[in-house]
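Printed here is data.cif (mmCIF, C-alpha atoms and all ligand atoms):
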data_work
loop_
_atom_site.label_atom_id
_atom_site.label_comp_id
_atom_site.auth_asym_id
_atom_site.auth_seq_id
_atom_site.Cartn_x
_atom_site.Cartn_y
_atom_site.Cartn_z
CA MET O 1 -0.23 -13.92 -13.54
CA ARG O 2 3.06 -15.76 -13.59
CA GLY O 3 4.82 -16.76 -10.39
CA LEU O 4 2.28 -15.85 -7.71
CA ASN O 5 0.99 -19.36 -7.15
CA GLY O 6 2.68 -20.74 -4.03
CA LYS O 7 4.22 -17.44 -2.96
CA ALA O 8 3.52 -15.72 0.35
CA GLY O 9 3.75 -12.22 1.71
CA VAL O 10 2.13 -9.51 3.74
CA ILE O 11 -0.04 -6.46 3.29
CA ALA O 12 0.40 -3.82 5.98
CA GLY O 13 -2.92 -1.97 6.08
CA GLY O 14 -5.09 -4.55 4.34
CA GLY O 15 -8.19 -4.69 6.50
CA ARG O 16 -10.31 -2.83 4.00
CA GLY O 17 -10.15 -0.76 0.82
CA ILE O 18 -7.26 -1.10 -1.60
CA GLY O 19 -5.29 -3.39 0.72
CA ALA O 20 -8.21 -5.81 1.15
CA ALA O 21 -8.86 -5.86 -2.61
CA THR O 22 -5.18 -6.58 -3.21
CA ALA O 23 -5.20 -9.41 -0.68
CA THR O 24 -8.25 -10.88 -2.39
CA ARG O 25 -6.66 -10.62 -5.85
CA LEU O 26 -3.37 -12.15 -4.67
CA ALA O 27 -5.27 -15.06 -3.13
CA GLU O 28 -7.15 -15.57 -6.39
CA GLU O 29 -3.74 -15.81 -8.09
CA GLY O 30 -2.70 -18.54 -5.63
CA ALA O 31 -0.55 -16.50 -3.25
CA ALA O 32 -0.85 -16.69 0.55
CA ILE O 33 -1.26 -13.48 2.52
CA VAL O 34 -0.86 -12.23 6.05
CA ILE O 35 -3.06 -9.18 6.38
CA GLY O 36 -2.12 -6.67 9.06
CA ASP O 37 -4.27 -3.75 10.14
CA ILE O 38 -4.66 -1.43 13.10
CA GLU O 39 -8.23 -2.70 13.06
CA GLY O 40 -7.36 -6.32 13.77
CA GLU O 41 -10.98 -7.39 13.31
CA TRP O 42 -11.06 -5.98 9.79
CA ALA O 43 -7.87 -7.87 8.97
CA GLU O 44 -9.28 -11.14 10.27
CA LYS O 45 -12.64 -10.56 8.54
CA THR O 46 -10.95 -9.99 5.17
CA ALA O 47 -8.75 -13.05 5.74
CA ALA O 48 -11.80 -15.16 6.65
CA LYS O 49 -13.56 -14.12 3.42
CA ILE O 50 -10.49 -15.18 1.45
CA ARG O 51 -10.33 -18.53 3.25
CA ASP O 52 -14.06 -19.09 2.66
CA ALA O 53 -13.39 -18.62 -1.07
CA GLY O 54 -10.65 -21.27 -0.90
CA GLY O 55 -7.64 -18.95 -0.54
CA LYS O 56 -4.84 -18.80 2.03
CA ALA O 57 -4.88 -15.83 4.40
CA VAL O 58 -4.58 -14.88 8.05
CA GLY O 59 -5.34 -11.56 9.69
CA VAL O 60 -3.37 -9.95 12.52
CA ALA O 61 -3.53 -6.72 14.47
CA LEU O 62 -0.79 -4.35 13.35
CA ASP O 63 0.46 -0.88 14.17
CA ILE O 64 2.60 -0.04 11.17
CA CYS O 65 4.33 2.72 13.18
CA ASP O 66 5.65 0.20 15.73
CA PRO O 67 8.74 -1.80 14.67
CA ASP O 68 7.87 -4.72 17.00
CA SER O 69 4.40 -4.95 15.52
CA VAL O 70 5.75 -4.97 11.94
CA GLU O 71 8.30 -7.61 13.00
CA ASN O 72 5.40 -9.70 14.31
CA LEU O 73 3.66 -9.37 10.91
CA VAL O 74 6.74 -10.66 9.09
CA GLN O 75 7.30 -13.45 11.61
CA THR O 76 3.66 -14.54 11.31
CA CYS O 77 4.18 -14.91 7.57
CA LEU O 78 7.40 -16.89 8.03
CA LYS O 79 5.87 -19.15 10.69
CA THR O 80 2.62 -19.71 8.79
CA TYR O 81 3.89 -20.00 5.21
CA ASP O 82 7.64 -20.47 5.67
CA ARG O 83 8.54 -17.71 3.21
CA LEU O 84 8.25 -13.99 2.51
CA ASP O 85 8.17 -13.19 -1.20
CA TYR O 86 6.52 -9.77 -1.14
CA PHE O 87 5.71 -6.97 1.27
CA HIS O 88 3.06 -4.39 0.42
CA ALA O 89 3.18 -1.28 2.64
CA ASN O 90 -0.25 0.27 2.15
CA ALA O 91 -1.56 1.81 5.38
CA ALA O 92 -2.18 5.55 5.52
CA GLY O 93 -4.05 8.14 7.53
CA GLY O 94 -3.58 11.09 9.86
CA THR O 95 -4.86 13.67 7.41
CA GLN O 96 -7.01 15.54 9.93
CA GLY O 97 -5.62 19.06 10.46
CA ASP O 98 -3.30 18.69 7.45
CA ILE O 99 -4.49 21.85 5.69
CA ASP O 100 -1.70 24.04 4.39
CA ALA O 101 1.87 25.06 5.14
CA LEU O 102 0.90 28.05 7.27
CA THR O 103 -1.80 26.47 9.43
CA ILE O 104 -0.63 22.90 9.97
CA ASP O 105 0.35 22.15 13.54
CA LEU O 106 3.82 20.63 13.71
CA ALA O 107 2.43 17.73 15.74
CA VAL O 108 0.01 16.97 12.87
CA PHE O 109 2.90 17.10 10.40
CA ASP O 110 5.01 14.77 12.55
CA ARG O 111 2.13 12.29 12.94
CA SER O 112 1.52 12.23 9.20
CA ILE O 113 5.19 11.63 8.45
CA ALA O 114 5.28 8.87 11.08
CA LEU O 115 2.25 7.06 9.66
CA ASN O 116 2.68 7.73 5.94
CA LEU O 117 6.47 7.62 5.52
CA ARG O 118 8.51 6.55 8.55
CA SER O 119 6.33 3.44 8.87
CA TYR O 120 7.21 2.42 5.30
CA LEU O 121 10.90 2.57 6.26
CA ILE O 122 10.09 0.33 9.24
CA CYS O 123 8.38 -2.12 6.85
CA THR O 124 11.48 -2.07 4.65
CA GLN O 125 13.79 -2.70 7.61
CA LYS O 126 11.70 -5.65 8.78
CA ALA O 127 11.13 -7.27 5.37
CA LEU O 128 14.54 -6.97 3.73
CA PRO O 129 16.73 -9.18 5.94
CA THR O 130 14.68 -12.30 5.17
CA MET O 131 14.38 -11.42 1.49
CA LEU O 132 18.12 -10.73 1.20
CA GLU O 133 18.89 -14.03 2.85
CA ARG O 134 16.83 -15.82 0.17
CA GLY O 135 18.15 -13.59 -2.63
CA SER O 136 14.75 -12.40 -3.84
CA GLY O 137 11.77 -10.31 -2.83
CA ALA O 138 9.39 -7.62 -4.00
CA MET O 139 8.68 -4.47 -2.00
CA LEU O 140 5.60 -2.51 -3.00
CA TYR O 141 4.59 0.82 -1.51
CA THR O 142 1.29 2.65 -1.99
CA SER O 143 1.62 6.34 -2.77
CA SER O 144 -0.94 8.71 -4.27
CA GLY O 145 -1.52 11.07 -7.15
CA ALA O 146 -1.42 13.68 -4.38
CA ALA O 147 2.36 13.21 -4.35
CA TYR O 148 2.70 15.07 -7.64
CA GLY O 149 -0.66 16.85 -7.95
CA GLY O 150 0.32 20.09 -6.22
CA ALA O 151 -2.75 20.02 -3.95
CA PRO O 152 -3.41 23.39 -2.28
CA TRP O 153 -5.48 21.80 0.54
CA GLN O 154 -2.91 19.41 2.05
CA VAL O 155 0.79 19.54 2.83
CA ALA O 156 2.07 16.71 5.05
CA TYR O 157 0.43 13.83 3.16
CA PRO O 158 1.95 14.72 -0.26
CA VAL O 159 5.31 15.40 1.40
CA ALA O 160 5.18 11.94 2.99
CA LYS O 161 4.12 10.20 -0.21
CA ASN O 162 6.95 11.89 -2.15
CA GLY O 163 9.30 10.56 0.50
CA VAL O 164 7.94 7.09 -0.19
CA HIS O 165 8.99 7.47 -3.85
CA ALA O 166 12.54 8.30 -2.75
CA LEU O 167 12.58 5.40 -0.29
CA MET O 168 11.41 3.02 -3.02
CA ARG O 169 14.11 4.21 -5.45
CA HIS O 170 16.76 3.84 -2.75
CA VAL O 171 15.67 0.26 -2.03
CA ALA O 172 15.58 -0.59 -5.75
CA ALA O 173 19.04 0.89 -6.36
CA ARG O 174 20.74 -0.33 -3.18
CA TYR O 175 19.47 -3.90 -3.08
CA GLY O 176 18.60 -4.65 -6.72
CA LYS O 177 21.74 -6.68 -7.40
CA GLN O 178 20.82 -8.83 -4.40
CA GLY O 179 17.47 -9.76 -5.93
CA ILE O 180 15.21 -7.13 -4.41
CA ARG O 181 12.72 -5.21 -6.52
CA ALA O 182 10.85 -2.14 -5.27
CA ASN O 183 8.02 -0.19 -6.87
CA VAL O 184 5.28 2.28 -6.03
CA VAL O 185 1.65 2.21 -7.06
CA ALA O 186 0.09 5.69 -7.03
CA PRO O 187 -3.71 5.56 -7.12
CA GLY O 188 -5.92 8.36 -8.36
CA LEU O 189 -9.34 8.79 -6.81
CA VAL O 190 -10.53 5.32 -5.79
CA LEU O 191 -13.94 4.83 -4.22
CA THR O 192 -12.89 3.00 -1.06
CA GLU O 193 -14.76 3.28 2.24
CA ALA O 194 -12.14 5.82 3.38
CA ALA O 195 -12.55 7.97 0.26
CA LEU O 196 -16.33 7.86 0.59
CA GLU O 197 -16.06 8.92 4.26
CA HIS O 198 -13.69 11.84 3.66
CA LEU O 199 -14.51 13.25 0.25
CA ASN O 200 -17.65 15.16 -0.62
CA ASP O 201 -19.68 14.89 -3.83
CA GLU O 202 -18.10 18.03 -5.22
CA TYR O 203 -14.58 16.59 -4.89
CA ARG O 204 -15.66 13.33 -6.51
CA GLU O 205 -17.32 15.13 -9.41
CA ALA O 206 -14.19 17.25 -9.94
CA GLY O 207 -12.13 14.02 -9.97
CA LEU O 208 -14.42 12.46 -12.53
CA LYS O 209 -14.12 15.55 -14.75
CA ARG O 210 -10.31 15.30 -14.61
CA ALA O 211 -10.29 11.59 -15.47
CA ALA O 212 -10.02 10.42 -19.08
CA CYS O 213 -11.90 7.21 -18.23
CA PRO O 214 -15.67 7.40 -17.78
CA ARG O 215 -15.62 6.32 -14.10
CA LEU O 216 -13.65 6.80 -10.90
CA GLY O 217 -11.40 4.07 -9.56
CA GLU O 218 -12.38 0.92 -7.73
CA PRO O 219 -10.12 -0.95 -5.30
CA LYS O 220 -9.78 -3.82 -7.81
CA ASP O 221 -8.11 -1.44 -10.30
CA ILE O 222 -5.22 -0.87 -7.89
CA ALA O 223 -5.21 -4.51 -6.78
CA ALA O 224 -4.55 -5.64 -10.36
CA MET O 225 -1.46 -3.43 -10.63
CA ALA O 226 -0.27 -4.41 -7.16
CA ALA O 227 -0.56 -8.13 -7.93
CA PHE O 228 1.27 -7.64 -11.23
CA LEU O 229 4.11 -5.73 -9.59
CA VAL O 230 4.82 -8.45 -7.01
CA SER O 231 4.45 -11.24 -9.58
CA ASP O 232 7.20 -12.75 -11.72
CA ASP O 233 5.67 -11.05 -14.75
CA ALA O 234 7.24 -7.89 -13.32
CA GLU O 235 10.66 -9.44 -12.67
CA TRP O 236 12.43 -6.77 -14.79
CA ILE O 237 10.47 -3.87 -13.33
CA THR O 238 11.96 -1.96 -10.41
CA GLY O 239 12.47 1.58 -9.18
CA GLN O 240 9.26 2.87 -10.78
CA VAL O 241 6.14 4.80 -9.79
CA PHE O 242 3.01 3.48 -11.50
CA SER O 243 0.01 5.79 -11.63
CA VAL O 244 -3.31 3.97 -11.78
CA ASN O 245 -5.76 6.82 -12.08
CA GLY O 246 -8.08 6.55 -15.08
CA GLY O 247 -6.03 9.27 -16.75
CA MET O 248 -6.66 11.85 -13.99
CA ALA O 249 -3.04 12.85 -14.46
CA MET O 250 -0.95 11.92 -17.47
CA ARG O 251 2.78 11.80 -16.94
CA ASP O 252 5.94 9.98 -18.04
N1 LIG E 1 -8.75 5.76 -1.99
C1 LIG E 1 -8.10 6.66 -2.70
O1 LIG E 1 -8.70 7.42 -3.46
C2 LIG E 1 -6.60 6.75 -2.64
C3 LIG E 1 -5.98 7.65 -3.49
C4 LIG E 1 -4.60 7.75 -3.47
C5 LIG E 1 -3.86 6.97 -2.60
N2 LIG E 1 -4.48 6.11 -1.76
C6 LIG E 1 -3.64 5.31 -0.87
O2 LIG E 1 -4.05 3.96 -0.92
C7 LIG E 1 -3.79 3.32 0.33
C8 LIG E 1 -5.04 2.64 0.84
O3 LIG E 1 -6.06 3.60 0.96
P1 LIG E 1 -7.61 3.26 1.10
O4 LIG E 1 -8.35 4.27 0.32
O5 LIG E 1 -7.85 1.82 0.83
O6 LIG E 1 -7.81 3.71 2.62
P2 LIG E 1 -8.10 2.95 3.97
O7 LIG E 1 -8.02 3.97 5.02
O8 LIG E 1 -9.33 2.15 3.90
O9 LIG E 1 -6.87 1.93 4.05
C9 LIG E 1 -5.83 2.08 4.87
C10 LIG E 1 -5.83 0.90 5.85
O10 LIG E 1 -4.74 1.13 6.71
C11 LIG E 1 -5.15 0.87 8.03
N3 LIG E 1 -4.32 1.60 8.97
C12 LIG E 1 -4.38 2.91 9.32
N4 LIG E 1 -3.47 3.18 10.26
C13 LIG E 1 -2.78 2.03 10.48
C14 LIG E 1 -1.71 1.69 11.34
N5 LIG E 1 -1.16 2.57 12.19
N6 LIG E 1 -1.26 0.41 11.31
C15 LIG E 1 -1.83 -0.50 10.50
N7 LIG E 1 -2.85 -0.24 9.67
C16 LIG E 1 -3.33 1.02 9.67
C17 LIG E 1 -6.60 1.31 8.07
O11 LIG E 1 -7.30 0.72 9.18
C18 LIG E 1 -7.11 0.84 6.71
O12 LIG E 1 -7.59 -0.47 6.76
C19 LIG E 1 -3.24 4.41 1.25
O13 LIG E 1 -1.83 4.36 1.26
C20 LIG E 1 -3.70 5.69 0.60
O14 LIG E 1 -2.85 6.78 0.89
C21 LIG E 1 -5.85 5.97 -1.75
#

Starting from the file, give its structure as structure tokens.
Amino acid sequence: MRGLNGKAGVIAGGGRGIGAATATRLAEEGAAIVIGDIEGEWAEKTAAKIRDAGGKAVGVALDICDPDSVENLVQTCLKTYDRLDYFHANAAGGTQGDIDALTIDLAVFDRSIALNLRSYLICTQKALPTMLERGSGAMLYTSSGAAYGGAPWQVAYPVAKNGVHALMRHVAARYGKQGIRANVVAPGLVLTEAALEHLNDEYREAGLKRAACPRLGEPKDIAAMAAFLVSDDAEWITGQVFSVNGGMAMRD
């Protein structure tokens, strides 16, 4: 991919799953990465694997909901690699108790919004000043097919992910002329550790039936799109939501 070699950035929520696969792919393309995760050990383990393979990566403990912690992630990238070319906000969680509009506890709703949406605004606030100063930068946010799927079994998570789409479009529109691009990658069902922990066989089979492709997603499928979107090959792409879902949903 064009223009990743020599660049540096961060992945917030990259200790495992899609974030770890994206870090690995970016390193293979020659980019340096600071991986942040609430599980600091996972972040460092993923970074160590990348370094062992000859790539550039460091892992740090991160709470994406805490502005000081996100600031530390950005500063680690600037101190270690002297630049911040991309920021991938990818962490998610807090789906326990997120059942439907009538039964969800308001505290569960608030926690989901804090982790799945408010945190992405924090990432934006911490990444943009440095990028604006340099006149370039790529923001990437991970959403989900759940944002537009009309799921009857969840309410806060799709609300939060839809908010991420609006945040991304705001960033693209407001700061585009100053060199900032912003996009969303919206995965379908991807067989990460988290998906395997939370989803039963029945759900996975239903997903496979809905997909046009003959298999469910793997983290590397999302990593490929993520790497493309922060690369220079995507320099005229901004303000968009990209579904990577094996055809589980087909939309414009
Ligand atoms: N796997 C799927 O099928 C699927 C489908 C649609 C969307 N997504 C989205 O893809 C992204 C990655 O999902 P995944 O499947 O790899 O799941 P995952 O749970 O393995 O990845 C999320 C990472 O974020 C970290 N994290 C959680 N809370 C954090 C916090 N407060 N601060 C910092 N890090 C924190 C976790 O430790 C984990 O490493 C998420 O945004 C998720 O909503 C996944």

Legend entry - Test item: residues at most 12 Å from O:Gln96, only C-alpha atoms, excluding those fewer than 4 positions along its chain, as a PyMOL selection string: chain O and resi 92+100+104-105+107-109+111-112+153-157+198

To check your reading of the model: which residues sit at most 6 Å from ligand LIG 1 (chain E) when counting only C-alpha atoms and all ligand atoms? Write the answer as an mmCIF file with C-alpha atoms, in the frame of the given file.
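Output saved as out16.cif:
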data_model
loop_
_atom_site.group_PDB
_atom_site.id
_atom_site.type_symbol
_atom_site.label_atom_id
_atom_site.label_comp_id
_atom_site.auth_asym_id
_atom_site.auth_seq_id
_atom_site.Cartn_x
_atom_site.Cartn_y
_atom_site.Cartn_z
ATOM 1 C CA GLY O 13 -2.920 -1.970 6.080
ATOM 2 C CA GLY O 14 -5.090 -4.550 4.340
ATOM 3 C CA GLY O 15 -8.190 -4.690 6.500
ATOM 4 C CA ARG O 16 -10.310 -2.830 4.000
ATOM 5 C CA GLY O 17 -10.150 -0.760 0.820
ATOM 6 C CA ILE O 18 -7.260 -1.100 -1.600
ATOM 7 C CA GLY O 19 -5.290 -3.390 0.720
ATOM 8 C CA ASP O 37 -4.270 -3.750 10.140
ATOM 9 C CA ILE O 38 -4.660 -1.430 13.100
ATOM 10 C CA GLU O 39 -8.230 -2.700 13.060
ATOM 11 C CA LEU O 62 -0.790 -4.350 13.350
ATOM 12 C CA ASP O 63 0.460 -0.880 14.170
ATOM 13 C CA ILE O 64 2.600 -0.040 11.170
ATOM 14 C CA CYS O 65 4.330 2.720 13.180
ATOM 15 C CA ASN O 90 -0.250 0.270 2.150
ATOM 16 C CA ALA O 91 -1.560 1.810 5.380
ATOM 17 C CA ALA O 92 -2.180 5.550 5.520
ATOM 18 C CA GLY O 93 -4.050 8.140 7.530
ATOM 19 C CA THR O 142 1.290 2.650 -1.990
ATOM 20 C CA SER O 143 1.620 6.340 -2.770
ATOM 21 C CA SER O 144 -0.940 8.710 -4.270
ATOM 22 C CA GLY O 145 -1.520 11.070 -7.150
ATOM 23 C CA PRO O 187 -3.710 5.560 -7.120
ATOM 24 C CA GLY O 188 -5.920 8.360 -8.360
ATOM 25 C CA LEU O 189 -9.340 8.790 -6.810
ATOM 26 C CA VAL O 190 -10.530 5.320 -5.790
ATOM 27 C CA LEU O 191 -13.940 4.830 -4.220
ATOM 28 C CA THR O 192 -12.890 3.000 -1.060
ATOM 29 C CA GLU O 193 -14.760 3.280 2.240
ATOM 30 C CA ALA O 194 -12.140 5.820 3.380
ATOM 31 C CA ALA O 195 -12.550 7.970 0.260
#

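Atom CA of O:Ala146 to atom CA of O:Leu199 spans 13.9 Å [interatomic distance, one decimal].
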
Legend entry - Minimum-distance residue to O:Val185, chosen among O:Arg204, O:Phe242, O:Pro219, O:Ala160 (using only C-alpha atoms):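 Counting only C-alpha atoms, the residue closest to O:Val185 is O:Phe242.
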
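Nearest residue to O:Tyr175 among O:Pro214, O:Glu41, O:Leu132, O:Gly163 is O:Leu132, counting all atoms listed in the file.
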
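Checking O:Pro67, O:Ala138, O:Asp98, O:Arg215 one by one against O:Ala172, counting all atoms listed in the file, you find the shortest gap at O:Ala138.
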
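What separates atom CA of O:Arg210 from atom CA of O:Met225 is a distance of 21.1 Å.
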
With only C-alpha atoms counted, which protein, DNA or RNA residues have an atom no more than 8 Å from (8.8, 1.7, -10.1) in the file frame? Please answer as an mmCIF file with C-alpha atoms, in the coordinates of the input.
data_model
loop_
_atom_site.group_PDB
_atom_site.id
_atom_site.type_symbol
_atom_site.label_atom_id
_atom_site.label_comp_id
_atom_site.auth_asym_id
_atom_site.auth_seq_id
_atom_site.Cartn_x
_atom_site.Cartn_y
_atom_site.Cartn_z
ATOM 1 C CA MET O 168 11.410 3.020 -3.020
ATOM 2 C CA ARG O 169 14.110 4.210 -5.450
ATOM 3 C CA ALA O 182 10.850 -2.140 -5.270
ATOM 4 C CA ASN O 183 8.020 -0.190 -6.870
ATOM 5 C CA VAL O 184 5.280 2.280 -6.030
ATOM 6 C CA VAL O 185 1.650 2.210 -7.060
ATOM 7 C CA ILE O 237 10.470 -3.870 -13.330
ATOM 8 C CA THR O 238 11.960 -1.960 -10.410
ATOM 9 C CA GLY O 239 12.470 1.580 -9.180
ATOM 10 C CA GLN O 240 9.260 2.870 -10.780
ATOM 11 C CA VAL O 241 6.140 4.800 -9.790
ATOM 12 C CA PHE O 242 3.010 3.480 -11.500
#

Legend entry - Which of O:Thr22, O:Thr103, O:Asn116, O:Thr124 sits closest to O:Glu71 [using only C-alpha atoms]: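 Closest candidate: O:Thr124.
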
Legend entry - Atomic distance atom CA of O:Arg51 - atom CA of O:Asn72, expressed in Å with one decimal: 21.2 Å

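Proximity to O:Ala234 was assessed for O:Arg83, O:Arg174, O:Gly217, O:Leu4 counting only C-alpha atoms; the smallest distance is recorded for O:Leu4.
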
Legend entry - Selected residue of minimal separation from O:His170 among O:Leu121, O:Glu44, O:Gly97, O:Gln75, counting all atoms listed in the file: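 Distance minimum relative to O:His170 lands on O:Leu121.
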
Edge lengths and centre, in Å to one decimal, as lines of an AutoDock Vina configuration file: that's what I need for the box along x, y and z that holds all listed atoms of stretch 68-75 of chain O plus 3 Å on each side.
center_x = 6.0
center_y = -9.1
center_z = 13.0
size_x = 10.6
size_y = 14.7
size_z = 13.9

Inset, instruction - List the neighbours of O:Met139 out to 8 Å using only C-alpha atoms; skip same-chain residues closer than 5 positions along the sequence, and give me the result as a PyMOL selection string. - result: chain O and resi 86-89+124+180-183+230

If you count all atoms listed in the file, which residues fall within 8 Å of O:Lys126, apart from same-chain ones fewer than 3 positions away, as a PDB file with C-alpha atoms, in the frame of the given file?
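Below is the file that was written, around-v2.pdb:
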ATOM      1  CA  PRO O  67       8.740  -1.800  14.670  1.00  0.00           C
ATOM      2  CA  VAL O  70       5.750  -4.970  11.940  1.00  0.00           C
ATOM      3  CA  GLU O  71       8.300  -7.610  13.000  1.00  0.00           C
ATOM      4  CA  VAL O  74       6.740 -10.660   9.090  1.00  0.00           C
ATOM      5  CA  ILE O 122      10.090   0.330   9.240  1.00  0.00           C
ATOM      6  CA  CYS O 123       8.380  -2.120   6.850  1.00  0.00           C
ATOM      7  CA  PRO O 129      16.730  -9.180   5.940  1.00  0.00           C
TER       8      PRO O 129
END
